[in-house]
$ cat target_11.cif   # mmCIF, C-alpha atoms and all ligand atoms
data_model
#
loop_
_atom_site.label_atom_id
_atom_site.label_comp_id
_atom_site.auth_asym_id
_atom_site.auth_seq_id
_atom_site.Cartn_x
_atom_site.Cartn_y
_atom_site.Cartn_z
CA MET A 1 158.17 -51.72 34.92
CA ALA A 2 159.08 -51.90 31.21
CA VAL A 3 156.37 -51.38 28.58
CA LEU A 4 156.90 -52.53 24.98
CA ILE A 5 154.93 -50.51 22.43
CA THR A 6 154.97 -52.59 19.29
CA GLY A 7 153.16 -52.98 15.99
CA ILE A 8 154.13 -49.40 15.09
CA GLY A 9 153.34 -48.85 11.40
CA GLU A 10 155.36 -45.65 11.21
CA LEU A 11 157.61 -44.27 13.96
CA THR A 12 158.79 -40.64 13.88
CA THR A 13 161.75 -40.33 16.23
CA ASN A 14 163.21 -36.95 15.19
CA GLU A 15 166.55 -38.74 15.41
CA GLU A 16 168.72 -39.78 12.48
CA LEU A 17 166.67 -42.95 12.15
CA GLY A 18 163.88 -40.75 10.73
CA ARG A 19 160.56 -42.47 10.10
CA LEU A 20 160.81 -46.24 10.78
CA THR A 21 158.28 -48.83 9.69
CA ASP A 22 157.45 -52.04 11.61
CA ALA A 23 158.99 -50.47 14.70
CA ALA A 24 158.79 -50.80 18.45
CA LEU A 25 159.94 -48.90 21.49
CA VAL A 26 160.34 -49.73 25.14
CA ILE A 27 159.70 -47.33 27.99
CA GLU A 28 160.79 -47.92 31.56
CA GLY A 29 159.90 -45.56 34.38
CA SER A 30 159.81 -42.07 32.88
CA LYS A 31 162.25 -42.77 30.03
CA VAL A 32 162.49 -44.36 26.61
CA VAL A 33 165.03 -47.19 26.90
CA TRP A 34 164.95 -48.84 23.49
CA VAL A 35 163.87 -47.95 19.91
CA GLY A 36 164.22 -50.16 16.83
CA PRO A 37 162.70 -52.75 14.48
CA ALA A 38 159.79 -54.65 16.06
CA ALA A 39 161.47 -57.95 15.19
CA ASP A 40 164.45 -57.09 17.43
CA ALA A 41 162.48 -55.74 20.41
CA PRO A 42 163.49 -56.99 23.86
CA ASP A 43 161.04 -58.57 26.31
CA ALA A 44 159.10 -56.29 28.64
CA ASP A 45 156.64 -56.58 31.54
CA GLU A 46 153.74 -55.25 29.48
CA ARG A 47 153.09 -55.21 25.74
CA VAL A 48 150.88 -52.73 23.88
CA ASP A 49 150.27 -53.52 20.21
CA VAL A 50 149.25 -50.36 18.34
CA ASP A 51 148.20 -52.34 15.29
CA GLY A 52 150.00 -50.49 12.50
CA ARG A 53 149.33 -46.98 13.80
CA ALA A 54 151.73 -44.03 13.56
CA VAL A 55 153.72 -43.05 16.67
CA LEU A 56 155.56 -39.77 17.23
CA PRO A 57 156.89 -37.75 20.17
CA GLY A 58 154.25 -35.88 22.19
CA TRP A 59 153.68 -32.29 21.06
CA VAL A 60 155.87 -29.67 22.72
CA ASP A 61 153.66 -26.58 22.95
CA SER A 62 156.22 -23.87 23.68
CA HIS A 63 153.89 -20.85 23.74
CA THR A 64 150.62 -20.58 25.71
CA HIS A 65 148.96 -18.07 28.06
CA LEU A 66 146.76 -20.28 30.22
CA VAL A 67 146.71 -18.58 33.62
CA PHE A 68 143.59 -16.54 32.99
CA ALA A 69 139.93 -16.13 33.80
CA GLY A 70 137.04 -14.84 31.70
CA ASP A 71 136.06 -14.99 28.09
CA ARG A 72 136.46 -12.77 25.02
CA THR A 73 133.80 -14.13 22.70
CA ALA A 74 132.45 -10.62 22.10
CA GLU A 75 135.88 -9.38 21.02
CA PHE A 76 136.22 -12.37 18.68
CA GLU A 77 132.79 -11.69 17.16
CA ALA A 78 133.72 -8.03 16.61
CA ARG A 79 136.95 -9.14 14.94
CA MET A 80 135.11 -11.49 12.61
CA ALA A 81 132.90 -8.50 11.74
CA GLY A 82 135.99 -6.53 10.70
CA LYS A 83 137.40 -4.89 13.86
CA PRO A 84 141.21 -5.28 13.99
CA TYR A 85 143.00 -7.11 16.82
CA THR A 86 144.99 -4.80 19.10
CA ALA A 87 147.07 -5.39 22.23
CA GLY A 88 144.43 -3.48 24.24
CA GLY A 89 142.15 -6.53 24.53
CA ILE A 90 144.61 -8.02 27.01
CA ALA A 91 143.24 -5.59 29.63
CA THR A 92 139.85 -7.36 29.57
CA THR A 93 141.48 -10.62 30.64
CA VAL A 94 143.61 -8.81 33.23
CA GLY A 95 140.42 -7.56 34.91
CA ALA A 96 138.82 -11.02 34.96
CA THR A 97 142.04 -12.70 36.13
CA ARG A 98 142.57 -10.28 39.02
CA ALA A 99 138.97 -10.86 40.14
CA ALA A 100 139.30 -14.68 40.13
CA SER A 101 140.25 -16.77 43.17
CA ASP A 102 143.37 -18.96 43.23
CA GLU A 103 141.10 -21.99 42.99
CA GLU A 104 139.33 -20.66 39.91
CA LEU A 105 142.60 -19.85 38.14
CA THR A 106 144.07 -23.25 38.98
CA ALA A 107 140.94 -25.10 37.85
CA ASN A 108 140.88 -23.16 34.55
CA LEU A 109 144.56 -23.87 33.95
CA LEU A 110 144.13 -27.58 34.71
CA ARG A 111 141.08 -27.79 32.43
CA HIS A 112 143.05 -26.38 29.50
CA VAL A 113 146.14 -28.48 30.22
CA HIS A 114 144.01 -31.64 30.32
CA GLU A 115 142.43 -30.56 27.04
CA SER A 116 145.95 -30.27 25.56
CA VAL A 117 147.11 -33.63 26.90
CA ARG A 118 144.06 -35.38 25.44
CA GLN A 119 145.22 -34.08 22.05
CA GLY A 120 148.79 -35.33 22.43
CA THR A 121 150.60 -32.40 24.08
CA THR A 122 153.06 -33.74 26.65
CA CYS A 123 155.27 -30.71 27.36
CA LEU A 124 153.73 -27.29 27.77
CA GLU A 125 155.01 -23.81 28.49
CA THR A 126 152.72 -21.16 29.91
CA LYS A 127 153.12 -17.50 30.84
CA THR A 128 152.05 -15.03 33.45
CA GLY A 129 150.92 -11.73 31.96
CA TYR A 130 147.28 -11.34 32.92
CA GLY A 131 148.07 -10.14 36.45
CA LEU A 132 150.24 -7.06 35.82
CA SER A 133 150.57 -6.20 39.51
CA VAL A 134 153.24 -7.58 41.83
CA ALA A 135 150.78 -9.72 43.75
CA ASP A 136 148.85 -10.93 40.70
CA GLU A 137 151.96 -11.79 38.67
CA ALA A 138 153.47 -13.63 41.66
CA ARG A 139 150.24 -15.60 42.08
CA SER A 140 150.10 -16.45 38.35
CA ALA A 141 153.71 -17.68 38.42
CA ARG A 142 153.06 -19.82 41.51
CA ILE A 143 149.92 -21.38 40.02
CA ALA A 144 151.61 -22.01 36.67
CA ALA A 145 154.63 -23.64 38.33
CA SER A 146 152.34 -26.02 40.21
CA VAL A 147 150.89 -27.37 36.95
CA VAL A 148 153.11 -27.04 33.84
CA ASP A 149 156.64 -27.92 32.70
CA GLU A 150 157.92 -24.47 31.79
CA VAL A 151 156.87 -21.08 33.18
CA THR A 152 157.56 -17.68 31.64
CA PHE A 153 157.32 -14.28 33.36
CA LEU A 154 155.39 -11.90 31.10
CA GLY A 155 154.87 -8.93 33.40
CA ALA A 156 155.72 -6.85 30.32
CA HIS A 157 152.60 -7.95 28.44
CA LEU A 158 150.79 -4.59 28.53
CA VAL A 159 151.17 -1.37 30.49
CA PRO A 160 148.17 -1.67 32.82
CA PRO A 161 145.49 0.93 32.07
CA GLY A 162 146.21 4.15 33.98
CA ALA A 163 149.88 3.31 34.69
CA ASP A 164 152.87 5.30 33.45
CA ALA A 165 154.91 3.12 31.04
CA GLU A 166 158.40 3.94 32.38
CA SER A 167 157.35 3.53 36.02
CA TYR A 168 155.68 0.23 35.13
CA VAL A 169 158.87 -1.02 33.46
CA ASP A 170 160.75 -0.09 36.68
CA LEU A 171 158.27 -2.20 38.64
CA VAL A 172 158.60 -5.16 36.24
CA CYS A 173 162.42 -5.03 36.44
CA GLY A 174 162.45 -4.67 40.22
CA GLU A 175 159.79 -5.72 42.71
CA MET A 176 157.75 -7.81 40.28
CA LEU A 177 160.78 -9.77 39.05
CA ASP A 178 161.80 -10.41 42.69
CA ALA A 179 158.30 -11.72 43.41
CA VAL A 180 158.12 -14.19 40.51
CA ALA A 181 161.74 -15.31 40.17
CA GLU A 182 161.53 -18.50 42.24
CA ASN A 183 158.73 -19.89 40.05
CA VAL A 184 159.86 -19.01 36.52
CA ARG A 185 162.60 -20.15 34.17
CA TRP A 186 161.92 -17.69 31.34
CA ALA A 187 161.15 -14.00 30.79
CA ASP A 188 159.26 -12.56 27.85
CA VAL A 189 158.18 -9.13 26.62
CA PHE A 190 155.52 -8.04 24.14
CA CYS A 191 157.66 -5.80 21.92
CA GLU A 192 155.03 -4.21 19.69
CA THR A 193 153.25 -0.93 19.00
CA GLY A 194 150.65 -0.55 21.75
CA ALA A 195 152.68 -2.63 24.22
CA PHE A 196 156.44 -2.05 24.87
CA ASP A 197 158.89 -0.20 22.63
CA GLU A 198 162.43 -1.36 21.88
CA ALA A 199 164.12 0.50 24.75
CA GLN A 200 161.54 -0.65 27.29
CA SER A 201 161.68 -4.23 26.00
CA ALA A 202 165.49 -4.25 26.17
CA ARG A 203 165.39 -2.94 29.72
CA VAL A 204 163.05 -5.74 30.85
CA LEU A 205 164.96 -8.47 29.04
CA LYS A 206 168.35 -7.37 30.37
CA ALA A 207 167.09 -7.16 33.95
CA CYS A 208 165.61 -10.64 33.69
CA ALA A 209 168.76 -12.08 32.08
CA GLU A 210 170.80 -10.64 34.97
CA ARG A 211 168.57 -12.64 37.30
CA GLY A 212 169.45 -15.80 35.37
CA LEU A 213 166.21 -16.15 33.40
CA GLY A 214 166.25 -17.36 29.80
CA LEU A 215 164.74 -14.96 27.29
CA ARG A 216 161.81 -15.13 24.89
CA VAL A 217 160.23 -12.28 22.92
CA HIS A 218 156.79 -11.64 21.40
CA GLY A 219 157.83 -9.88 18.22
CA ASN A 220 156.67 -8.82 14.77
CA GLN A 221 153.08 -9.91 15.41
CA LEU A 222 151.16 -6.90 14.13
CA GLY A 223 153.76 -5.27 11.91
CA GLU A 224 157.48 -5.15 11.22
CA GLY A 225 159.43 -3.88 14.22
CA PRO A 226 162.46 -4.36 16.43
CA GLY A 227 161.35 -7.58 18.19
CA VAL A 228 163.25 -10.09 16.09
CA ARG A 229 166.44 -8.04 15.99
CA LEU A 230 166.34 -7.51 19.75
CA ALA A 231 165.69 -11.20 20.43
CA VAL A 232 168.65 -12.23 18.28
CA GLU A 233 170.95 -9.55 19.75
CA LEU A 234 170.15 -10.66 23.31
CA GLY A 235 170.43 -14.38 22.53
CA ALA A 236 166.79 -15.17 23.25
CA ALA A 237 165.82 -18.82 22.95
CA SER A 238 162.88 -17.89 20.74
CA VAL A 239 161.05 -15.02 19.15
CA ASP A 240 157.39 -15.79 18.80
CA HIS A 241 154.83 -14.73 16.17
CA CYS A 242 157.24 -13.56 13.37
CA THR A 243 154.27 -12.72 11.18
CA TYR A 244 155.84 -9.63 9.58
CA LEU A 245 159.54 -10.13 8.79
CA SER A 246 162.00 -8.03 6.81
CA ASP A 247 164.74 -9.79 4.85
CA ALA A 248 167.17 -8.62 7.55
CA ASP A 249 165.02 -10.31 10.23
CA VAL A 250 165.04 -13.59 8.29
CA GLU A 251 168.80 -13.41 7.78
CA ALA A 252 169.39 -12.59 11.45
CA LEU A 253 167.28 -15.55 12.56
CA ALA A 254 168.99 -17.89 10.10
CA ALA A 255 172.40 -16.90 11.44
CA SER A 256 171.39 -17.31 15.10
CA GLU A 257 170.39 -19.91 17.69
CA THR A 258 167.09 -18.06 18.24
CA VAL A 259 164.11 -20.19 17.20
CA ALA A 260 161.34 -18.55 15.15
CA THR A 261 158.17 -19.80 16.83
CA LEU A 262 155.20 -19.50 14.50
CA LEU A 263 151.63 -19.38 15.80
CA PRO A 264 149.33 -20.12 12.87
CA ALA A 265 146.12 -20.38 14.90
CA CYS A 266 146.75 -16.85 16.16
CA ASP A 267 147.41 -15.51 12.68
CA LEU A 268 144.09 -16.98 11.55
CA SER A 269 142.10 -15.85 14.59
CA THR A 270 143.42 -12.29 14.35
CA ARG A 271 143.00 -12.17 10.56
CA GLN A 272 146.70 -11.51 10.00
CA PRO A 273 148.64 -13.07 7.13
CA LEU A 274 150.20 -16.43 7.96
CA ALA A 275 153.83 -16.19 9.07
CA PRO A 276 156.40 -16.72 6.28
CA ALA A 277 157.45 -20.24 7.24
CA ARG A 278 158.90 -21.08 3.83
CA ARG A 279 161.13 -17.99 3.75
CA LEU A 280 162.46 -18.86 7.20
CA LEU A 281 163.07 -22.52 6.44
CA ASP A 282 164.63 -21.87 3.06
CA ALA A 283 167.00 -19.36 4.67
CA GLY A 284 168.03 -21.96 7.26
CA ALA A 285 166.24 -20.64 10.37
CA THR A 286 164.98 -23.04 13.04
CA VAL A 287 161.16 -23.00 13.14
CA ALA A 288 158.84 -24.13 15.92
CA LEU A 289 155.05 -24.29 15.87
CA ALA A 290 152.98 -23.58 18.98
CA SER A 291 149.30 -23.04 19.80
CA ASN A 292 149.50 -19.66 21.59
CA ALA A 293 146.44 -20.84 23.52
CA ASN A 294 144.90 -17.76 25.16
CA PRO A 295 141.39 -16.30 25.40
CA GLY A 296 142.11 -13.34 23.12
CA SER A 297 144.15 -13.96 20.00
CA SER A 298 144.18 -17.78 19.71
CA TYR A 299 141.72 -19.80 21.78
CA THR A 300 142.82 -23.29 20.80
CA THR A 301 145.03 -25.91 22.42
CA SER A 302 145.19 -27.99 19.23
CA MET A 303 148.72 -28.56 17.99
CA ALA A 304 147.29 -30.82 15.29
CA PHE A 305 145.36 -27.83 13.93
CA CYS A 306 148.62 -25.84 13.83
CA VAL A 307 150.39 -28.66 11.98
CA ALA A 308 147.54 -29.00 9.46
CA THR A 309 147.52 -25.24 8.83
CA ALA A 310 151.30 -25.16 8.45
CA VAL A 311 151.14 -27.86 5.79
CA LEU A 312 147.98 -26.81 3.98
CA GLN A 313 148.49 -23.06 4.00
CA MET A 314 152.09 -22.25 4.92
CA ARG A 315 153.73 -24.73 2.56
CA MET A 316 155.66 -26.59 5.23
CA THR A 317 156.13 -30.28 4.47
CA ILE A 318 154.50 -32.69 6.89
CA GLU A 319 157.98 -33.66 8.16
CA GLU A 320 158.90 -30.01 8.77
CA ALA A 321 155.60 -29.29 10.53
CA VAL A 322 155.74 -32.36 12.79
CA TRP A 323 159.38 -31.62 13.64
CA ALA A 324 158.52 -27.96 14.39
CA ALA A 325 155.67 -28.97 16.74
CA THR A 326 157.84 -31.47 18.64
CA ALA A 327 161.64 -31.09 18.39
CA GLY A 328 161.28 -27.43 17.30
CA GLY A 329 159.26 -26.63 20.43
CA ALA A 330 161.90 -28.42 22.50
CA ARG A 331 164.62 -26.33 20.82
CA ALA A 332 162.62 -23.18 21.64
CA LEU A 333 162.63 -24.29 25.27
CA ARG A 334 166.30 -25.33 25.06
CA ARG A 335 165.48 -28.90 26.02
CA ASP A 336 166.84 -32.11 24.55
CA ASP A 337 164.84 -34.59 26.64
CA VAL A 338 161.47 -33.99 24.94
CA GLY A 339 160.34 -33.79 21.31
CA VAL A 340 162.42 -36.86 20.39
CA LEU A 341 162.10 -40.60 20.86
CA ARG A 342 165.51 -42.09 21.62
CA PRO A 343 166.96 -44.01 24.55
CA GLY A 344 167.29 -41.59 27.46
CA ALA A 345 164.55 -39.20 26.30
CA ARG A 346 161.46 -38.61 28.42
CA ALA A 347 158.83 -41.19 27.53
CA ASP A 348 156.38 -38.76 25.89
CA VAL A 349 154.70 -40.91 23.26
CA HIS A 350 151.79 -40.00 20.98
CA VAL A 351 149.94 -42.74 19.08
CA LEU A 352 147.73 -41.57 16.21
CA ASP A 353 144.59 -43.34 15.09
CA ALA A 354 146.12 -43.27 11.60
CA PRO A 355 148.86 -45.15 9.76
CA SER A 356 150.98 -42.06 9.07
CA VAL A 357 151.65 -38.54 10.33
CA THR A 358 150.58 -37.37 6.87
CA HIS A 359 147.00 -37.91 8.07
CA LEU A 360 147.41 -34.91 10.41
CA ALA A 361 147.13 -32.68 7.31
CA TYR A 362 145.28 -35.09 5.05
CA ARG A 363 142.40 -35.35 7.57
CA PRO A 364 142.35 -31.84 9.08
CA GLY A 365 140.02 -31.28 12.01
CA VAL A 366 139.65 -35.00 12.75
CA PRO A 367 140.70 -35.90 16.32
CA LEU A 368 143.47 -38.42 15.61
CA THR A 369 145.03 -38.85 19.05
CA LYS A 370 144.56 -42.47 20.16
CA MET A 371 147.00 -42.98 23.07
CA VAL A 372 149.39 -40.75 25.01
CA TRP A 373 152.17 -41.50 27.50
CA ARG A 374 153.69 -38.58 29.42
CA ALA A 375 156.95 -39.24 31.28
CA GLY A 376 156.09 -42.93 31.10
CA ASP A 377 152.54 -42.59 32.47
CA ARG A 378 149.64 -43.53 30.23
CA VAL A 379 147.52 -40.35 30.27
CA ARG A 380 145.17 -41.26 27.44
O1 LIG B 401 150.66 -13.94 22.03
N1 LIG B 401 150.46 -10.82 21.74
C1 LIG B 401 150.43 -10.82 22.92
N2 LIG B 401 149.96 -11.77 23.71
C2 LIG B 401 149.07 -12.79 23.29
C3 LIG B 401 147.67 -12.29 23.17
C4 LIG B 401 147.04 -12.08 24.44
C5 LIG B 401 145.63 -11.60 24.38
O2 LIG B 401 145.14 -11.03 23.40
O3 LIG B 401 145.03 -11.81 25.43
C6 LIG B 401 149.55 -13.40 21.99
O4 LIG B 401 148.88 -13.35 20.97
#
$ encode --input "target_11.cif" --output "structure tokens" --more "lines below"
Ligand code: NIG
Amino acid sequence: MAVLITGIGELTTNEELGRLTDAALVIEGSKVVWVGPAADAPDADERVDVDGRAVLPGWVDSHTHLVFAGDRTAEFEARMAGKPYTAGGIATTVGATRAASDEELTANLLRHVHESVRQGTTCLETKTGYGLSVADEARSARIAASVVDEVTFLGAHLVPPGADAESYVDLVCGEMLDAVAENVRWADVFCETGAFDEAQSARVLKACAERGLGLRVHGNQLGEGPGVRLAVELGAASVDHCTYLSDADVEALAASETVATLLPACDLSTRQPLAPARRLLDAGATVALASNANPGSSYTTSMAFCVATAVLQMRMTIEEAVWAATAGGARALRRDDVGVLRPGARADVHVLDAPSVTHLAYRPGVPLTKMVWRAGDRVR
């Protein structure tokens, strides 16, 4: 069945057409089949008039950690009272996640994914990383794969309390990787003081690449370090956080295919400076924005909040921020079927209750999602 979405006041396609006015698009099955001026639109089985509203691709949230149980309100309160964020808090969520049943973990994941979809997210990546044993990582990967688009193995999130770091890296590269491989497309490592050093991170990433997994890196979150350089050297699809960057890091990213994925909600929630988006963009690096939804460092699923922060506080233009949260996320996941609206793309369509995407920053905090289609299905 073909659905004509017409009366579009402003259409962001992320294609050369740019922002169109008086536009329409047609979706059929799971795909977009036509985009153009409303006056030229073909007939369809169903017609939805969006009455002058803005339409854009669904958000592509390329960095979340949503297979978890428990709550870290107390840690957040301590942070707001001046205690710094450290990697160690991850262990609290590991304890709660290990203690939860499969049903509890699945229900929690679904609750957060539905929360994301209601706000316009139509493609979502999530990670393991709160299991940190062979059985618990395998279970997290299986549960994630049953719910989301893209799954990342993050066994190298933290050395579990009491474990020896080198032996744990052996486990991640061996038995744990074997146990998760069928359910994951990506591998990631938290390359940071208090988590994994450069040699350990490289060992994990190389083992995972040999198994055919694509690479992602958590890097330069809490200070300058080797994460960005390692990600670029190993051809990772993205390096995420990028809060503290040397000039050499910026240059390396600009000269590479590795996407710099910025996580502004995390920077705010952990009281870090905001990542240097302008330096990256001006140097020519590819920038994505993602929520980093997790119970510790960034407990929000709101991509609109990330876009508003990027514009209001990181000096990204609205066009740059919207692109980064849609096509940029797709680039970070090495996908060309989402984050764009063109014939052949997945029909992931986000209608705002506003005449322009500018309202995402102009009206921060206001829930502006009016309608959402995901792979051609109306989900809001
Ligand atoms: O991306 N930095 C490492 N991992 C997550 C935080 C996880 C946590 O604190 O539970 C992040 O911020």
$ residues_around --input "target_11.cif" --residues "Leu262 of chain A" --least-positions-apart "5" --cutoff "10 Å" --atoms "all atoms listed in the file" --output "mmCIF file with C-alpha atoms, in the frame of the given file"
data_model
loop_
_atom_site.group_PDB
_atom_site.id
_atom_site.type_symbol
_atom_site.label_atom_id
_atom_site.label_comp_id
_atom_site.auth_asym_id
_atom_site.auth_seq_id
_atom_site.Cartn_x
_atom_site.Cartn_y
_atom_site.Cartn_z
ATOM 1 C CA HIS A 63 153.890 -20.850 23.740
ATOM 2 C CA GLN A 221 153.080 -9.910 15.410
ATOM 3 C CA VAL A 239 161.050 -15.020 19.150
ATOM 4 C CA ASP A 240 157.390 -15.790 18.800
ATOM 5 C CA HIS A 241 154.830 -14.730 16.170
ATOM 6 C CA CYS A 242 157.240 -13.560 13.370
ATOM 7 C CA THR A 243 154.270 -12.720 11.180
ATOM 8 C CA ASP A 267 147.410 -15.510 12.680
ATOM 9 C CA LEU A 274 150.200 -16.430 7.960
ATOM 10 C CA ALA A 275 153.830 -16.190 9.070
ATOM 11 C CA PRO A 276 156.400 -16.720 6.280
ATOM 12 C CA ALA A 277 157.450 -20.240 7.240
ATOM 13 C CA VAL A 287 161.160 -23.000 13.140
ATOM 14 C CA ALA A 288 158.840 -24.130 15.920
ATOM 15 C CA LEU A 289 155.050 -24.290 15.870
ATOM 16 C CA ALA A 290 152.980 -23.580 18.980
ATOM 17 C CA SER A 291 149.300 -23.040 19.800
ATOM 18 C CA ASN A 292 149.500 -19.660 21.590
ATOM 19 C CA CYS A 306 148.620 -25.840 13.830
ATOM 20 C CA ALA A 310 151.300 -25.160 8.450
ATOM 21 C CA ALA A 324 158.520 -27.960 14.390
ATOM 22 C CA ALA A 325 155.670 -28.970 16.740
#
$ residues_around --input "target_11.cif" --residues "segment 40-47 of chain A" --least-positions-apart "6" --cutoff "6 Å" --atoms "all atoms listed in the file" --output "list in words"
Ala2, Val3 and Leu4 of chain A
$ residues_near_ligand --input "target_11.cif" --ligand "ligand LIG 401 (chain B)" --cutoff "10 Å" --atoms "all atoms listed in the file" --output "short mmCIF file (atom, residue, chain, number, x, y, z; two decimals) with C-alpha atoms, in the frame of the given file"
data_model
loop_
_atom_site.label_atom_id
_atom_site.label_comp_id
_atom_site.auth_asym_id
_atom_site.auth_seq_id
_atom_site.Cartn_x
_atom_site.Cartn_y
_atom_site.Cartn_z
CA HIS A 63 153.89 -20.85 23.74
CA THR A 64 150.62 -20.58 25.71
CA HIS A 65 148.96 -18.07 28.06
CA LEU A 66 146.76 -20.28 30.22
CA PHE A 68 143.59 -16.54 32.99
CA ASP A 71 136.06 -14.99 28.09
CA ARG A 72 136.46 -12.77 25.02
CA GLU A 75 135.88 -9.38 21.02
CA TYR A 85 143.00 -7.11 16.82
CA THR A 86 144.99 -4.80 19.10
CA ALA A 87 147.07 -5.39 22.23
CA GLY A 88 144.43 -3.48 24.24
CA GLY A 89 142.15 -6.53 24.53
CA ILE A 90 144.61 -8.02 27.01
CA ALA A 91 143.24 -5.59 29.63
CA THR A 92 139.85 -7.36 29.57
CA THR A 93 141.48 -10.62 30.64
CA VAL A 94 143.61 -8.81 33.23
CA LYS A 127 153.12 -17.50 30.84
CA GLY A 129 150.92 -11.73 31.96
CA TYR A 130 147.28 -11.34 32.92
CA LEU A 154 155.39 -11.90 31.10
CA ALA A 156 155.72 -6.85 30.32
CA HIS A 157 152.60 -7.95 28.44
CA LEU A 158 150.79 -4.59 28.53
CA VAL A 189 158.18 -9.13 26.62
CA PHE A 190 155.52 -8.04 24.14
CA CYS A 191 157.66 -5.80 21.92
CA GLU A 192 155.03 -4.21 19.69
CA ALA A 195 152.68 -2.63 24.22
CA VAL A 217 160.23 -12.28 22.92
CA HIS A 218 156.79 -11.64 21.40
CA GLY A 219 157.83 -9.88 18.22
CA ASN A 220 156.67 -8.82 14.77
CA GLN A 221 153.08 -9.91 15.41
CA LEU A 222 151.16 -6.90 14.13
CA ASP A 240 157.39 -15.79 18.80
CA HIS A 241 154.83 -14.73 16.17
CA LEU A 263 151.63 -19.38 15.80
CA ALA A 265 146.12 -20.38 14.90
CA CYS A 266 146.75 -16.85 16.16
CA ASP A 267 147.41 -15.51 12.68
CA SER A 269 142.10 -15.85 14.59
CA THR A 270 143.42 -12.29 14.35
CA SER A 291 149.30 -23.04 19.80
CA ASN A 292 149.50 -19.66 21.59
CA ALA A 293 146.44 -20.84 23.52
CA ASN A 294 144.90 -17.76 25.16
CA PRO A 295 141.39 -16.30 25.40
CA GLY A 296 142.11 -13.34 23.12
CA SER A 297 144.15 -13.96 20.00
CA SER A 298 144.18 -17.78 19.71
CA TYR A 299 141.72 -19.80 21.78
#
$ closest_residue --input "target_11.cif" --among "A:Ile27, A:Ala81, A:Ala361, A:Leu245" --to "Asp377 of chain A" --atoms "all atoms listed in the file"
A:Ile27
$ closest_residue --input "target_11.cif" --among "A:Gly82, A:Gly174, A:Pro37, A:Gly52" --to "Lys206 of chain A" --atoms "only C-alpha atoms"
A:Gly174
$ closest_residue --input "target_11.cif" --among "A:Pro161, A:Ala141, A:Ala330, A:Glu182" --to "Gly194 of chain A" --atoms "only C-alpha atoms"
A:Pro161
$ residues_around --input "target_11.cif" --residues "Ala308 of chain A" --least-positions-apart "4" --cutoff "12 Å" --atoms "all atoms listed in the file" --output "VMD selection string"
chain A and resid 264 to 265 289 302 to 304 312 to 322 325 357 to 368
$ atom_distance --input "target_11.cif" --atom1 "atom CA of Ala145 of chain A" --atom2 "atom CA of Val32 of chain A"
25.1 Å
$ residues_near_point --input "target_11.cif" --point "(156.2, 4.2, 27.9)" --cutoff "9 Å" --atoms "only C-alpha atoms" --output "MDAnalysis selection string"
chainID A and resid 159 164:169 195:197 200
$ residues_around --input "target_11.cif" --residues "Ile143 of chain A" --least-positions-apart "4" --cutoff "7 Å" --atoms "only C-alpha atoms" --output "VMD selection string"
chain A and resid 106 139 147
$ atom_distance --input "target_11.cif" --atom1 "atom CA of Arg331 of chain A" --atom2 "atom CA of Ala254 of chain A"
14.3 Å
$ closest_residue --input "target_11.cif" --among "A:Ala107, A:Ala202, A:Ala96, A:Leu213" --to "Arg229 of chain A" --atoms "all atoms listed in the file"
A:Ala202
$ atom_distance --input "target_11.cif" --atom1 "atom CA of Arg342 of chain A" --atom2 "atom CA of Thr300 of chain A"
29.5 Å
$ axis_aligned_box --input "target_11.cif" --around "segment 29-40 of chain A" --padding-each-side "8 Å" --output "lines of an AutoDock Vina configuration file"
center_x = 162.4
center_y = -50.0
center_z = 24.4
size_x = 21.2
size_y = 31.9
size_z = 35.9
